[in-house]
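Trainee: Structure file input-v2.cif (mmCIF, C-alpha atoms and all ligand atoms) right here:
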data_run
#
loop_
_atom_site.group_PDB
_atom_site.id
_atom_site.type_symbol
_atom_site.label_atom_id
_atom_site.label_comp_id
_atom_site.auth_asym_id
_atom_site.auth_seq_id
_atom_site.Cartn_x
_atom_site.Cartn_y
_atom_site.Cartn_z
ATOM 1 C CA MET A 1 0.000 0.000 0.000
ATOM 2 C CA GLY A 2 1.578 3.243 -1.144
ATOM 3 C CA LEU A 3 1.416 6.529 0.646
ATOM 4 C CA LEU A 4 0.252 8.517 -2.369
ATOM 5 C CA PHE A 5 -2.667 7.739 -4.589
ATOM 6 C CA GLN A 6 -3.532 9.993 -7.511
ATOM 7 C CA GLU A 7 -7.244 9.889 -6.691
ATOM 8 C CA GLN A 8 -6.588 11.272 -3.207
ATOM 9 C CA PHE A 9 -5.428 14.559 -4.683
ATOM 10 C CA GLU A 10 -8.046 15.089 -7.344
ATOM 11 C CA LEU A 11 -10.464 17.669 -6.011
ATOM 12 C CA ASP A 12 -13.495 19.185 -7.666
ATOM 13 C CA GLY A 13 -12.504 21.903 -10.106
ATOM 14 C CA TRP A 14 -8.823 21.037 -10.206
ATOM 15 C CA ASN A 15 -8.886 20.845 -14.004
ATOM 16 C CA SER A 16 -10.505 24.216 -14.653
ATOM 17 C CA THR A 17 -9.505 25.757 -17.955
ATOM 18 C CA ASP A 18 -8.965 29.314 -16.651
ATOM 19 C CA GLY A 19 -5.842 28.426 -14.678
ATOM 20 C CA ALA A 20 -7.545 28.974 -11.321
ATOM 21 C CA SER A 21 -6.326 25.664 -9.940
ATOM 22 C CA ARG A 22 -2.714 26.467 -10.918
ATOM 23 C CA ARG A 23 -2.949 29.955 -9.369
ATOM 24 C CA SER A 24 -4.405 28.482 -6.192
ATOM 25 C CA PHE A 25 -1.725 25.813 -6.083
ATOM 26 C CA ARG A 26 1.059 28.394 -6.496
ATOM 27 C CA ALA A 27 -0.504 30.661 -3.863
ATOM 28 C CA GLY A 28 -0.456 27.737 -1.457
ATOM 29 C CA ILE A 29 3.174 27.002 -2.272
ATOM 30 C CA LYS A 30 4.049 30.686 -1.779
ATOM 31 C CA ALA A 31 2.336 30.779 1.620
ATOM 32 C CA ALA A 32 4.136 27.592 2.653
ATOM 33 C CA PHE A 33 7.488 29.023 1.483
ATOM 34 C CA ILE A 34 6.934 32.259 3.424
ATOM 35 C CA VAL A 35 6.065 30.445 6.635
ATOM 36 C CA SER A 36 8.806 27.843 6.294
ATOM 37 C CA GLN A 37 11.527 30.386 5.475
ATOM 38 C CA LEU A 38 10.957 32.641 8.486
ATOM 39 C CA ASN A 39 14.305 33.319 10.082
ATOM 40 C CA ARG A 40 14.965 33.702 13.798
ATOM 41 C CA LEU A 41 13.953 37.359 13.633
ATOM 42 C CA GLY A 42 10.598 36.496 12.080
ATOM 43 C CA GLN A 43 11.625 37.835 8.690
ATOM 44 C CA VAL A 44 11.200 36.480 5.181
ATOM 45 C CA LEU A 45 13.981 37.193 2.677
ATOM 46 C CA CYS A 46 13.979 37.647 -1.086
ATOM 47 C CA ALA A 47 16.110 34.953 -2.699
ATOM 48 C CA GLY A 48 17.418 37.519 -5.199
ATOM 49 C CA CYS A 49 18.428 40.618 -3.233
ATOM 50 C CA GLY A 50 18.044 39.539 0.375
ATOM 51 C CA PHE A 51 15.550 42.275 1.256
ATOM 52 C CA ALA A 52 13.695 41.292 4.436
ATOM 53 C CA TRP A 53 10.019 41.565 5.347
ATOM 54 C CA SER A 54 8.759 41.404 8.918
ATOM 55 C CA ASP A 55 5.097 41.714 7.929
ATOM 56 C CA LEU A 56 3.904 38.408 6.506
ATOM 57 C CA VAL A 57 0.952 39.924 4.633
ATOM 58 C CA LEU A 58 3.240 42.450 2.958
ATOM 59 C CA ALA A 59 5.703 39.644 2.191
ATOM 60 C CA PHE A 60 2.943 37.591 0.586
ATOM 61 C CA ASN A 61 1.924 40.556 -1.591
ATOM 62 C CA GLU A 62 5.425 41.646 -2.623
ATOM 63 C CA LEU A 63 7.134 38.283 -3.102
ATOM 64 C CA GLU A 64 6.423 36.063 -6.065
ATOM 65 C CA LEU A 65 7.440 32.575 -7.005
ATOM 66 C CA GLU A 66 9.928 32.331 -9.811
ATOM 67 C CA GLY A 67 10.821 29.063 -11.487
ATOM 68 C CA LEU A 68 14.460 28.125 -11.880
ATOM 69 C CA SER A 69 13.359 26.430 -15.082
ATOM 70 C CA GLU A 70 10.275 27.716 -16.882
ATOM 71 C CA THR A 71 10.273 25.159 -19.672
ATOM 72 C CA GLY A 72 7.373 22.772 -19.381
ATOM 73 C CA THR A 73 3.874 22.827 -18.032
ATOM 74 C CA GLY A 74 2.766 23.798 -14.563
ATOM 75 C CA TYR A 75 0.455 22.221 -12.046
ATOM 76 C CA ALA A 76 -2.097 20.047 -13.783
ATOM 77 C CA GLY A 77 -3.923 18.498 -10.866
ATOM 78 C CA GLY A 78 -3.153 15.607 -8.629
ATOM 79 C CA VAL A 79 0.520 15.083 -8.029
ATOM 80 C CA ASP A 80 1.487 16.344 -11.500
ATOM 81 C CA MET A 81 3.234 19.596 -10.517
ATOM 82 C CA GLY A 82 5.440 20.132 -13.551
ATOM 83 C CA VAL A 83 7.454 23.362 -13.284
ATOM 84 C CA ASP A 84 5.400 24.331 -10.211
ATOM 85 C CA HIS A 85 7.167 21.685 -8.131
ATOM 86 C CA PRO A 86 8.508 23.359 -4.959
ATOM 87 C CA ASN A 87 12.042 22.185 -5.782
ATOM 88 C CA ASN A 88 11.909 24.374 -8.918
ATOM 89 C CA LEU A 89 10.616 27.538 -7.234
ATOM 90 C CA VAL A 90 12.208 30.403 -5.311
ATOM 91 C CA LEU A 91 10.716 33.489 -3.663
ATOM 92 C CA LYS A 92 11.779 36.771 -5.250
ATOM 93 C CA CYS A 93 10.531 40.299 -4.726
ATOM 94 C CA PHE A 94 8.839 42.380 -7.398
ATOM 95 C CA ARG A 95 12.000 44.486 -7.782
ATOM 96 C CA CYS A 96 14.143 41.473 -8.712
ATOM 97 C CA ILE A 97 11.479 40.138 -11.073
ATOM 98 C CA ASP A 98 11.028 43.582 -12.727
ATOM 99 C CA LYS A 99 14.799 43.931 -13.092
ATOM 100 C CA ALA A 100 15.002 40.547 -14.788
ATOM 101 C CA ALA A 101 12.177 41.487 -17.150
ATOM 102 C CA THR A 102 13.824 44.761 -18.227
ATOM 103 C CA VAL A 103 17.278 43.247 -18.624
ATOM 104 C CA GLY A 104 15.833 40.236 -20.406
ATOM 105 C CA GLN A 105 17.463 37.669 -18.190
ATOM 106 C CA LYS A 106 17.007 36.205 -14.754
ATOM 107 C CA ALA A 107 18.138 38.474 -11.951
ATOM 108 C CA CYS A 108 20.784 37.483 -9.474
HETATM 109 ZN ZN ZN B 201 14.637 40.950 -4.398
#
Could you write out this file's structure as structure tokens?

Mentor:
Amino acid sequence: MGLLFQEQFELDGWNSTDGASRRSFRAGIKAAFIVSQLNRLGQVLCAGCGFAWSDLVLAFNELELEGLSETGTGYAGGVDMGVDHPNNLVLKCFRCIDKAATVGQKAC
């Protein structure tokens, strides 16, 4: 008997065509990253520039998940996470993501 069964993770609406399930999945991953990466001072850091947030709500709004590799598909329900797998994601602030967009390459 395995620990993971595909049917255990298939919830109603997971395969919606508007990307809502992927956005919800990534929001959950972001919240888990923010909580799990709290340092001893109760701060969350940007993986790009090291800027620190003490307010978790502000951190949630200003940090975004960025994939180390963006080639491939994202969360598609069940345990099929694709490029949205937590091992492929880092938390970066809007400044680092904007900088990467204007320079045309990944920041930091
Ligand atoms: Zn940053």

Trainee: Output as lines of an AutoDock Vina configuration file the centre and edge lengths (Å, one decimal) of the box along x, y and z of the file that holds every listed atom of segment 69-83 of chain A after adding 8 Å on each side.

Mentor:
center_x = 4.7
center_y = 21.4
center_z = -13.9
size_x = 33.3
size_y = 28.6
size_z = 27.6

Trainee: Using only C-alpha atoms for the distances, tell me which of A:Leu89, A:Leu63, A:Val83, A:Ala31 is nearest to Leu45 of chain A.

Mentor: A:Leu63

Trainee: Dump the neighbourhood of ligand ZN 201 (chain B) as an MDAnalysis selection string: all residues within 6 Å, distances computed on all atoms listed in the file.

Mentor: chainID A and resid 46 48:49 51 92:93 95:96

Trainee: Hey, can you check how far atom CA of Ala52 of chain A sits from atom CA of Ser36 of chain A?

Mentor: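 That distance, rounded to one decimal, is 14.4 Å.
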
Trainee: Excluding Asp55 of chain A and its own-chain neighbours fewer than 4 positions away, which residues fall within 10 Å of it when counting only C-alpha atoms? Please give them as number ranges by chain.

Mentor: A: 42-44, 59-60

Trainee: Next, write the just-selected residues to a file, as a PDB file, keeping the file's coordinate frame, keeping C-alpha atoms as the atom set.

Mentor:
ATOM      1  CA  GLY A  42      10.598  36.496  12.080  1.00  0.00           C
ATOM      2  CA  GLN A  43      11.625  37.835   8.690  1.00  0.00           C
ATOM      3  CA  VAL A  44      11.200  36.480   5.181  1.00  0.00           C
ATOM      4  CA  ALA A  59       5.703  39.644   2.191  1.00  0.00           C
ATOM      5  CA  PHE A  60       2.943  37.591   0.586  1.00  0.00           C
TER       6      PHE A  60
END

Trainee: Could you list, as a ChimeraX atom specification, every residue within 7 Å of segment 69-75 of chain A, counting all atoms listed in the file and ignoring same-chain residues fewer than 2 positions away?

Mentor: /A:22,67,77,80-84,88

Trainee: Would you write out those residues with C-alpha atoms, as a PDB file, keeping the file's coordinate frame?

Mentor:
ATOM      1  CA  ARG A  22      -2.714  26.467 -10.918  1.00  0.00           C
ATOM      2  CA  GLY A  67      10.821  29.063 -11.487  1.00  0.00           C
ATOM      3  CA  GLY A  77      -3.923  18.498 -10.866  1.00  0.00           C
ATOM      4  CA  ASP A  80       1.487  16.344 -11.500  1.00  0.00           C
ATOM      5  CA  MET A  81       3.234  19.596 -10.517  1.00  0.00           C
ATOM      6  CA  GLY A  82       5.440  20.132 -13.551  1.00  0.00           C
ATOM      7  CA  VAL A  83       7.454  23.362 -13.284  1.00  0.00           C
ATOM      8  CA  ASP A  84       5.400  24.331 -10.211  1.00  0.00           C
ATOM      9  CA  ASN A  88      11.909  24.374  -8.918  1.00  0.00           C
TER      10      ASN A  88
END

Trainee: Could you check how far atom CA of Ile34 of chain A sits from atom CA of Val57 of chain A, in Å to one decimal?

Mentor: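 Those two atoms sit 9.8 Å apart.
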
Trainee: Can you work out which one of A:Val79, A:Leu68, A:Gly50, A:Asn61 has the shortest atom-to-atom distance to Ala27 of chain A, counting all atoms listed in the file?

Mentor: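 Smallest distance to Ala27 of chain A is found for A:Asn61.
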
Trainee: In terms of the shortest atom-to-atom distance over all atoms listed in the file, which of A:Ile97, A:Ala20, A:Glu66, A:Leu91 is closest to Gln37 of chain A?

Mentor: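 The shortest atom-to-atom distance to Gln37 of chain A comes from A:Leu91.
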
Trainee: Using all atoms listed in the file, find the one residue out of A:Ala101, A:Leu56, A:Leu65, A:Val90 that sits nearest to Phe25 of chain A.

Mentor: A:Leu65

Trainee: Using only C-alpha atoms, which of A:Asn39, A:Ser24, A:Thr102, A:Ser54 sits nearest Ala76 of chain A?

Mentor: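 Once distances to Ala76 of chain A are computed over only C-alpha atoms, the minimum belongs to A:Ser24.
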